[in-house]
Amino acid sequence: MFNSLSDRLTSTFKNLRGRGRLSEADIDATVREIRRALLDADVAVPVVRQFTAAVRERALGSEVSGALNPAQQVVKIVNDELVTILGGQTRALQLAKTPPTVIMLAGLQGAGKTTLAGKLALALKEQGHTPILVAADLQRPNAVTQLSVVGQRAGVPVFAPHPGNTSDHDPAGSATIGDPVAVARGGVDEARAKQHDVVIVDTAGRLGVDEVLMQQAADIRAAITPDEVLFVIDAMIGQDAVTTANAFLEGVDFTGVVLSKLDGDARGGAALSVAQVTGRPIMFASTGEKLTEFEVFHPDRMASRILDMGDVLTLIEQAERAFDADEAERMAAKVAGGEDFTLSDFLVQMQQMKKLGSMKKMLGMMPGMAQMRDQIENFDEREVDRVQALIQSMTPAERENPKIINGSRRARIARGAGQTTAAVNGLLDRFTQAQKMMRQMAKGGGAPGMPGGMPGMPGLPGGGKKSRGKQQPKKKVKGKSGNPAKRAQQEREAMQRALGGGAKKPSAPAGSAFGVKEPDQQGADLDNLELPGDLGKLLGGGR
């Protein structure tokens with residue numbers, strides 16, 4: 001979502017690199033570019049003014065003037081101020097001292113409250129809680145049904161005593177729709193009776209802010225006295241995000257903000273303004289449609305992503321949740337014991353990688369990946385499935401010993417996976433790279449730089465023979481030119497000096513069997529060259 005803002009800021013900082021000292025004019029120019037980038041990203045004008053004023057004041061102070069690297073110091077200042085406008089510190093849920101903890105969701109219709117209720121419930125369930133969902137949105141058609149489906153997918157019970165509005169033709173104010181306040185109150189009572197320690201109440205929204213919406217939300221809040229009121233806001237709605245947030249703050253007085261649809265391609269800057277404008281922290285972020293694509297919002301990590309410095313901590317946390325500890329321990333023991341890495345192990349590793357979710361998102365969390373964004377976006381997620389199909393088309397013997405895979409076996413594997421022989425060849429090449437890496441790790445050399453990108457992931461940045469050549473250039477011989485023609489000339493001159501000056505004969509250059517090149521290549525006089533033993537007779541001179 002923040003790709004445009006990230007690119008603009010990164011480009012601005014590149015202009016500062018290599019400068020030993022920054023003048024006031026340099027800082028003013030940098031602040032102007034930052035201001036334009038933030039305004040283009042839809043960040044609220046008051047927030048932009050406050051942000052740029054703070055950056056300029058700190059940049060002109062001794063903090064930058066006395067720094068060894070002024071450019072990096074400016075980047076640090078911008079990072080600090082970004083963290084500030086995003087809320088400063090990570091804010092966790094405040095659980096009630098006496099269960100159940102009541103969480104109320106509020107926001108406009110279409111913001112994603114119902115789906116987010118399921119995501120939050122699943123996240124709490126994985127932490128050991130016993131949540132229950134309450135269907136208090138009785139106005140939107142089939143909202144109760146949707147919440148029931150989401151709850152079933154999350155494995156969480158749903159309290160839904162009333163079906164709510166099941167058709168667009170039902171009058172919004174009809175008594176047949178039911179009383180959402182009574183449903184919310186009944187949901188809390190149900191949680192106490194069945195010993196659920198968290199209650200998540202899904203409330204109704206409107207297409208716009210109105211008195212009926214606010215009054216209903218206020219009545220539900222008064223009835224259930226929630227421990228947390230989370231305002232769910234669509235990160236793609238633009239400048240209206242600030243107006244809507246202020247209206248809900250006044251009408252409901254929410255305690256935290258949840259950003260939904262953070263995986264969209266809108267500019268999204270207005271969502272960054274909500275925490276600063278309302279004074280309420282952003283607590284969670286929804287990053288996709290799956291129930292697992294939900295994360296705690298860390299202001300420092302989000303600032304790091306925007307400045308293209310990556311988010312390795314979140315990546316590690318996701319890996320810890322997704323990877324099987326027993327399998328990782330088995331693989332570590334296998335490598336330490338000197339056993340060879342097989343295609344069966346390769347398949348297991350790929351299946352573990354799939355649990356992390358989207359490869360594009362995972363790579364996007366790594367530092368400096370903005371410059372490779374095009375390659376990442378062009379990566380086909382289905383390629384992982386294709387590689388898995390190829391390995392599963394092999395026999396157990398072939399997976400354990402890929403060297404036995406000859407031409408006919410490759411053709412059979414390709415047919416079994418519905419692919420080409422070239423795809424099998426590519427997989428075996430990538431596997432060979434992975435096997436070499438594992439052998440190097442077994443010898444204690446650590447994980448070397450992988451020239452082919454990630455093994456088994458064709459199409460990723462760094463993959464392919466051409467890329468490998470670029471990433472690992474051949475080392476130049478000291479004192480010799482990298483230009484082939486000039487280098488050949490240097491060798492000829494060195495040879496002539498050695499032959500003419502009685503110096504020690506040079507070692508054989510590449511392509512020569514006897515220590516010298518052909519006469520037409522170097523112009524040396526072979527008649528005056530002393531050859532050892534019977535070598536002269538062998539060369540046909542009869543000498």
# chains A, B, ... in the order shown; residues from 1 in each chain; ligands from 1
$ select_by_dssp --residues "stretch 102-282 of chain A" --states "alpha helix (DSSP H)" --output "ChimeraX atom specification"
/A:113-126,143-154,180-193,211-224,240-251,269-278
$ residues_around --residues "A:Ala193" --least-positions-apart "4" --cutoff "12 Å" --atoms "only C-alpha atoms" --output "short mmCIF file (atom, residue, chain, number, x, y, z; two decimals) with all heavy atoms, in the first residue's frame"
data_model
loop_
_atom_site.label_atom_id
_atom_site.label_comp_id
_atom_site.auth_asym_id
_atom_site.auth_seq_id
_atom_site.Cartn_x
_atom_site.Cartn_y
_atom_site.Cartn_z
N PRO A 99 -12.81 -12.15 33.74
CA PRO A 99 -13.38 -12.49 32.43
C PRO A 99 -14.90 -12.44 32.47
O PRO A 99 -15.51 -12.60 33.53
CB PRO A 99 -12.86 -13.92 32.18
CG PRO A 99 -11.67 -14.04 33.08
CD PRO A 99 -11.99 -13.21 34.29
N PRO A 100 -15.52 -12.22 31.29
CA PRO A 100 -14.88 -12.13 29.98
C PRO A 100 -14.44 -10.72 29.61
O PRO A 100 -15.00 -9.74 30.09
CB PRO A 100 -16.00 -12.60 29.04
CG PRO A 100 -17.26 -12.12 29.72
CD PRO A 100 -16.99 -12.24 31.19
N ILE A 132 -15.68 -15.90 21.79
CA ILE A 132 -16.98 -16.14 21.19
C ILE A 132 -17.36 -14.89 20.40
O ILE A 132 -17.07 -13.76 20.82
CB ILE A 132 -18.05 -16.46 22.26
CG1 ILE A 132 -19.40 -16.78 21.59
CG2 ILE A 132 -18.20 -15.32 23.26
CD1 ILE A 132 -20.47 -17.26 22.57
N GLY A 186 -27.08 -10.14 25.41
CA GLY A 186 -27.24 -11.59 25.53
C GLY A 186 -25.96 -12.34 25.22
O GLY A 186 -25.68 -13.39 25.82
N GLY A 187 -25.16 -11.81 24.29
CA GLY A 187 -23.88 -12.45 23.96
C GLY A 187 -22.91 -12.44 25.12
O GLY A 187 -22.21 -13.44 25.37
N VAL A 188 -22.87 -11.33 25.86
CA VAL A 188 -22.00 -11.25 27.03
C VAL A 188 -22.47 -12.23 28.10
O VAL A 188 -21.65 -12.91 28.76
CB VAL A 188 -21.95 -9.80 27.56
CG1 VAL A 188 -21.13 -9.74 28.84
CG2 VAL A 188 -21.40 -8.86 26.51
N ASP A 189 -23.79 -12.32 28.30
CA ASP A 189 -24.33 -13.27 29.28
C ASP A 189 -24.01 -14.71 28.87
O ASP A 189 -23.68 -15.55 29.72
CB ASP A 189 -25.85 -13.09 29.40
CG ASP A 189 -26.23 -11.74 30.01
OD1 ASP A 189 -25.37 -11.14 30.70
OD2 ASP A 189 -27.37 -11.28 29.77
N ASP A 197 -13.61 -16.50 27.70
CA ASP A 197 -12.90 -15.40 28.35
C ASP A 197 -12.80 -14.14 27.49
O ASP A 197 -12.34 -13.11 27.95
CB ASP A 197 -11.49 -15.84 28.78
CG ASP A 197 -10.60 -16.20 27.61
OD1 ASP A 197 -11.11 -16.36 26.48
OD2 ASP A 197 -9.37 -16.31 27.82
#
$ residues_around --residues "stretch 395-408 of chain A" --least-positions-apart "3" --cutoff "10 Å" --atoms "only C-alpha atoms" --output "list of chain:residue names"
A:Asp340, A:Phe341, A:Thr342, A:Leu343, A:Ser344, A:Asp345, A:Phe346, A:Leu347, A:Ile391, A:Gln392, A:Ala411, A:Arg412, A:Ile413, A:Ala414, A:Thr421, A:Val424, A:Asn425, A:Leu428, A:Phe431, A:Thr432
$ residues_around --residues "A:Gly208" --least-positions-apart "5" --cutoff "12 Å" --atoms "only C-alpha atoms" --output "ChimeraX atom specification"
/A:107-111,213-214,237,240-241,243-245,247-248
$ write_last_selection --atoms "all heavy atoms" --output "mmCIF file, in the first residue's frame"
data_model
loop_
_atom_site.group_PDB
_atom_site.id
_atom_site.type_symbol
_atom_site.label_atom_id
_atom_site.label_comp_id
_atom_site.auth_asym_id
_atom_site.auth_seq_id
_atom_site.Cartn_x
_atom_site.Cartn_y
_atom_site.Cartn_z
ATOM 1 N N GLY A 107 -17.467 0.850 13.038
ATOM 2 C CA GLY A 107 -16.933 1.376 11.778
ATOM 3 C C GLY A 107 -18.009 1.424 10.721
ATOM 4 O O GLY A 107 -19.141 0.982 10.929
ATOM 5 N N LEU A 108 -17.654 1.978 9.569
ATOM 6 C CA LEU A 108 -18.600 2.096 8.468
ATOM 7 C C LEU A 108 -18.840 0.743 7.813
ATOM 8 O O LEU A 108 -18.034 -0.178 7.923
ATOM 9 C CB LEU A 108 -18.077 3.086 7.425
ATOM 10 C CG LEU A 108 -17.965 4.553 7.845
ATOM 11 C CD1 LEU A 108 -17.429 5.383 6.693
ATOM 12 C CD2 LEU A 108 -19.312 5.101 8.306
ATOM 13 N N GLN A 109 -19.953 0.643 7.105
ATOM 14 C CA GLN A 109 -20.259 -0.575 6.364
ATOM 15 C C GLN A 109 -19.234 -0.737 5.239
ATOM 16 O O GLN A 109 -18.903 0.200 4.527
ATOM 17 C CB GLN A 109 -21.671 -0.479 5.778
ATOM 18 C CG GLN A 109 -22.115 -1.737 5.039
ATOM 19 C CD GLN A 109 -23.574 -1.641 4.606
ATOM 20 O OE1 GLN A 109 -24.430 -1.243 5.389
ATOM 21 N NE2 GLN A 109 -23.845 -1.989 3.363
ATOM 22 N N GLY A 110 -18.726 -1.971 5.101
ATOM 23 C CA GLY A 110 -17.736 -2.239 4.055
ATOM 24 C C GLY A 110 -16.300 -2.091 4.520
ATOM 25 O O GLY A 110 -15.371 -2.334 3.748
ATOM 26 N N ALA A 111 -16.105 -1.687 5.781
ATOM 27 C CA ALA A 111 -14.743 -1.517 6.291
ATOM 28 C C ALA A 111 -14.073 -2.852 6.581
ATOM 29 O O ALA A 111 -12.848 -2.923 6.708
ATOM 30 C CB ALA A 111 -14.753 -0.653 7.554
ATOM 31 N N LEU A 213 -26.787 5.597 13.208
ATOM 32 C CA LEU A 213 -25.626 4.727 13.393
ATOM 33 C C LEU A 213 -24.945 5.012 14.726
ATOM 34 O O LEU A 213 -24.674 4.097 15.513
ATOM 35 C CB LEU A 213 -24.636 4.929 12.247
ATOM 36 C CG LEU A 213 -23.224 4.345 12.437
ATOM 37 C CD1 LEU A 213 -23.275 2.834 12.469
ATOM 38 C CD2 LEU A 213 -22.294 4.821 11.325
ATOM 39 N N MET A 214 -24.664 6.282 14.982
ATOM 40 C CA MET A 214 -23.952 6.639 16.202
ATOM 41 C C MET A 214 -24.764 6.334 17.455
ATOM 42 O O MET A 214 -24.226 5.882 18.459
ATOM 43 C CB MET A 214 -23.577 8.126 16.166
ATOM 44 C CG MET A 214 -22.486 8.456 15.175
ATOM 45 S SD MET A 214 -21.010 7.475 15.507
ATOM 46 C CE MET A 214 -20.052 7.862 14.054
ATOM 47 N N ILE A 237 -9.725 4.499 1.930
ATOM 48 C CA ILE A 237 -10.793 5.475 1.693
ATOM 49 C C ILE A 237 -10.294 6.906 1.535
ATOM 50 O O ILE A 237 -11.081 7.807 1.291
ATOM 51 C CB ILE A 237 -11.857 5.419 2.804
ATOM 52 C CG1 ILE A 237 -11.279 5.873 4.148
ATOM 53 C CG2 ILE A 237 -12.442 4.038 2.924
ATOM 54 C CD1 ILE A 237 -12.332 5.980 5.244
ATOM 55 N N ASP A 240 -11.128 11.029 3.678
ATOM 56 C CA ASP A 240 -12.333 10.877 4.485
ATOM 57 C C ASP A 240 -12.080 10.039 5.732
ATOM 58 O O ASP A 240 -12.893 10.023 6.651
ATOM 59 C CB ASP A 240 -13.442 10.245 3.642
ATOM 60 C CG ASP A 240 -14.812 10.384 4.302
ATOM 61 O OD1 ASP A 240 -15.129 11.498 4.752
ATOM 62 O OD2 ASP A 240 -15.535 9.379 4.378
ATOM 63 N N ALA A 241 -10.934 9.352 5.783
ATOM 64 C CA ALA A 241 -10.602 8.538 6.947
ATOM 65 C C ALA A 241 -10.520 9.387 8.204
ATOM 66 O O ALA A 241 -10.992 8.987 9.276
ATOM 67 C CB ALA A 241 -9.276 7.810 6.712
ATOM 68 N N THR A 243 -12.007 12.370 8.793
ATOM 69 C CA THR A 243 -13.339 12.858 9.162
ATOM 70 C C THR A 243 -14.157 11.772 9.845
ATOM 71 O O THR A 243 -14.803 11.999 10.885
ATOM 72 C CB THR A 243 -14.078 13.352 7.906
ATOM 73 O OG1 THR A 243 -13.274 14.339 7.254
ATOM 74 C CG2 THR A 243 -15.424 13.929 8.260
ATOM 75 N N THR A 244 -14.133 10.566 9.271
ATOM 76 C CA THR A 244 -14.880 9.444 9.847
ATOM 77 C C THR A 244 -14.352 9.082 11.226
ATOM 78 O O THR A 244 -15.126 8.814 12.155
ATOM 79 C CB THR A 244 -14.784 8.223 8.909
ATOM 80 O OG1 THR A 244 -15.230 8.583 7.605
ATOM 81 C CG2 THR A 244 -15.617 7.073 9.439
ATOM 82 N N ALA A 245 -13.026 9.073 11.369
ATOM 83 C CA ALA A 245 -12.429 8.727 12.657
ATOM 84 C C ALA A 245 -12.839 9.721 13.734
ATOM 85 O O ALA A 245 -13.175 9.326 14.864
ATOM 86 C CB ALA A 245 -10.911 8.672 12.522
ATOM 87 N N ALA A 247 -15.552 11.515 13.801
ATOM 88 C CA ALA A 247 -16.977 11.338 14.093
ATOM 89 C C ALA A 247 -17.203 10.166 15.049
ATOM 90 O O ALA A 247 -17.987 10.251 16.001
ATOM 91 C CB ALA A 247 -17.750 11.120 12.791
ATOM 92 N N PHE A 248 -16.518 9.036 14.812
ATOM 93 C CA PHE A 248 -16.663 7.883 15.695
ATOM 94 C C PHE A 248 -16.023 8.144 17.059
ATOM 95 O O PHE A 248 -16.496 7.634 18.078
ATOM 96 C CB PHE A 248 -16.038 6.640 15.046
ATOM 97 C CG PHE A 248 -16.985 5.879 14.176
ATOM 98 C CD1 PHE A 248 -17.117 6.183 12.830
ATOM 99 C CD2 PHE A 248 -17.766 4.851 14.692
ATOM 100 C CE1 PHE A 248 -17.993 5.492 12.017
ATOM 101 C CE2 PHE A 248 -18.654 4.152 13.889
ATOM 102 C CZ PHE A 248 -18.774 4.470 12.545
#
$ closest_residue --among "A:Gly269, A:Gln239, A:Thr12, A:Asp137" --to "A:Ala217" --atoms "only C-alpha atoms"
A:Asp137
$ select_by_dssp --residues "stretch 42-253 of chain A" --states "strand (DSSP E or B)" --output "list in words"
Thr101, Val102, Ile103, Met104, Leu105, Ala106, Pro131, Ile132, Leu133, Val134, Ala135, Val158, Phe159, Val198, Val199, Ile200, Val201, Asp202, Glu228, Val229, Leu230, Phe231, Val232, Ile233 and Asp234 of chain A
$ residues_around --residues "stretch 233-236 of chain A" --least-positions-apart "6" --cutoff "12 Å" --atoms "only C-alpha atoms" --output "VMD selection string"
chain A and resid 1 to 2 41 to 43 105 to 113 116 205 242 to 246 248 254 256 to 275 282 to 287
$ atom_distance --atom1 "atom CA of A:Arg140" --atom2 "atom CA of A:Ala191"
24.2 Å
$ atom_distance --atom1 "atom CA of A:His162" --atom2 "atom CA of A:Leu207"
22.8 Å
$ atom_distance --atom1 "atom CA of A:Gln215" --atom2 "atom CA of A:Gly178"
15.9 Å
$ residues_around --residues "A:Val212" --least-positions-apart "5" --cutoff "12 Å" --atoms "only C-alpha atoms" --output "ChimeraX atom specification"
/A:139,172-173,204-207,217-219,251
$ write_last_selection --atoms "N, CA, C and O atoms" --output "compact mmCIF listing (two decimals), in the first residue's frame"
# COMPACT_ATOMS: atom_id res chain seq x y z
N GLN A 139 -28.69 -5.39 10.53
CA GLN A 139 -29.23 -4.53 9.48
C GLN A 139 -28.69 -4.87 8.10
O GLN A 139 -29.43 -4.91 7.13
N ALA A 172 -35.30 -1.24 6.93
CA ALA A 172 -34.20 -1.11 7.90
C ALA A 172 -34.72 -0.89 9.30
O ALA A 172 -34.10 -1.29 10.29
N GLY A 173 -35.86 -0.23 9.46
CA GLY A 173 -36.35 0.06 10.80
C GLY A 173 -37.39 -0.91 11.28
O GLY A 173 -38.05 -0.66 12.29
N ALA A 204 -23.33 -3.07 13.57
CA ALA A 204 -23.73 -2.61 12.23
C ALA A 204 -22.98 -1.35 11.84
O ALA A 204 -22.50 -0.59 12.68
N GLY A 205 -22.91 -1.12 10.53
CA GLY A 205 -22.32 0.10 10.01
C GLY A 205 -23.25 0.75 9.02
O GLY A 205 -24.36 0.26 8.76
N ARG A 206 -22.85 1.88 8.50
CA ARG A 206 -23.62 2.59 7.48
C ARG A 206 -22.68 2.96 6.35
O ARG A 206 -21.45 2.90 6.48
N LEU A 207 -23.24 3.36 5.23
CA LEU A 207 -22.42 3.84 4.12
C LEU A 207 -21.81 5.19 4.45
O LEU A 207 -20.84 5.60 3.82
N ALA A 217 -24.62 2.55 18.09
CA ALA A 217 -23.31 2.16 18.61
C ALA A 217 -23.16 2.60 20.06
O ALA A 217 -22.63 1.86 20.91
N ALA A 218 -23.62 3.82 20.37
CA ALA A 218 -23.54 4.32 21.75
C ALA A 218 -24.41 3.49 22.69
O ALA A 218 -24.00 3.22 23.84
N ASP A 219 -25.58 3.06 22.22
CA ASP A 219 -26.47 2.25 23.06
C ASP A 219 -25.84 0.88 23.35
O ASP A 219 -25.93 0.37 24.48
N GLY A 251 -18.67 10.10 18.85
CA GLY A 251 -19.91 9.38 19.10
C GLY A 251 -19.75 8.13 19.94
O GLY A 251 -20.63 7.79 20.73
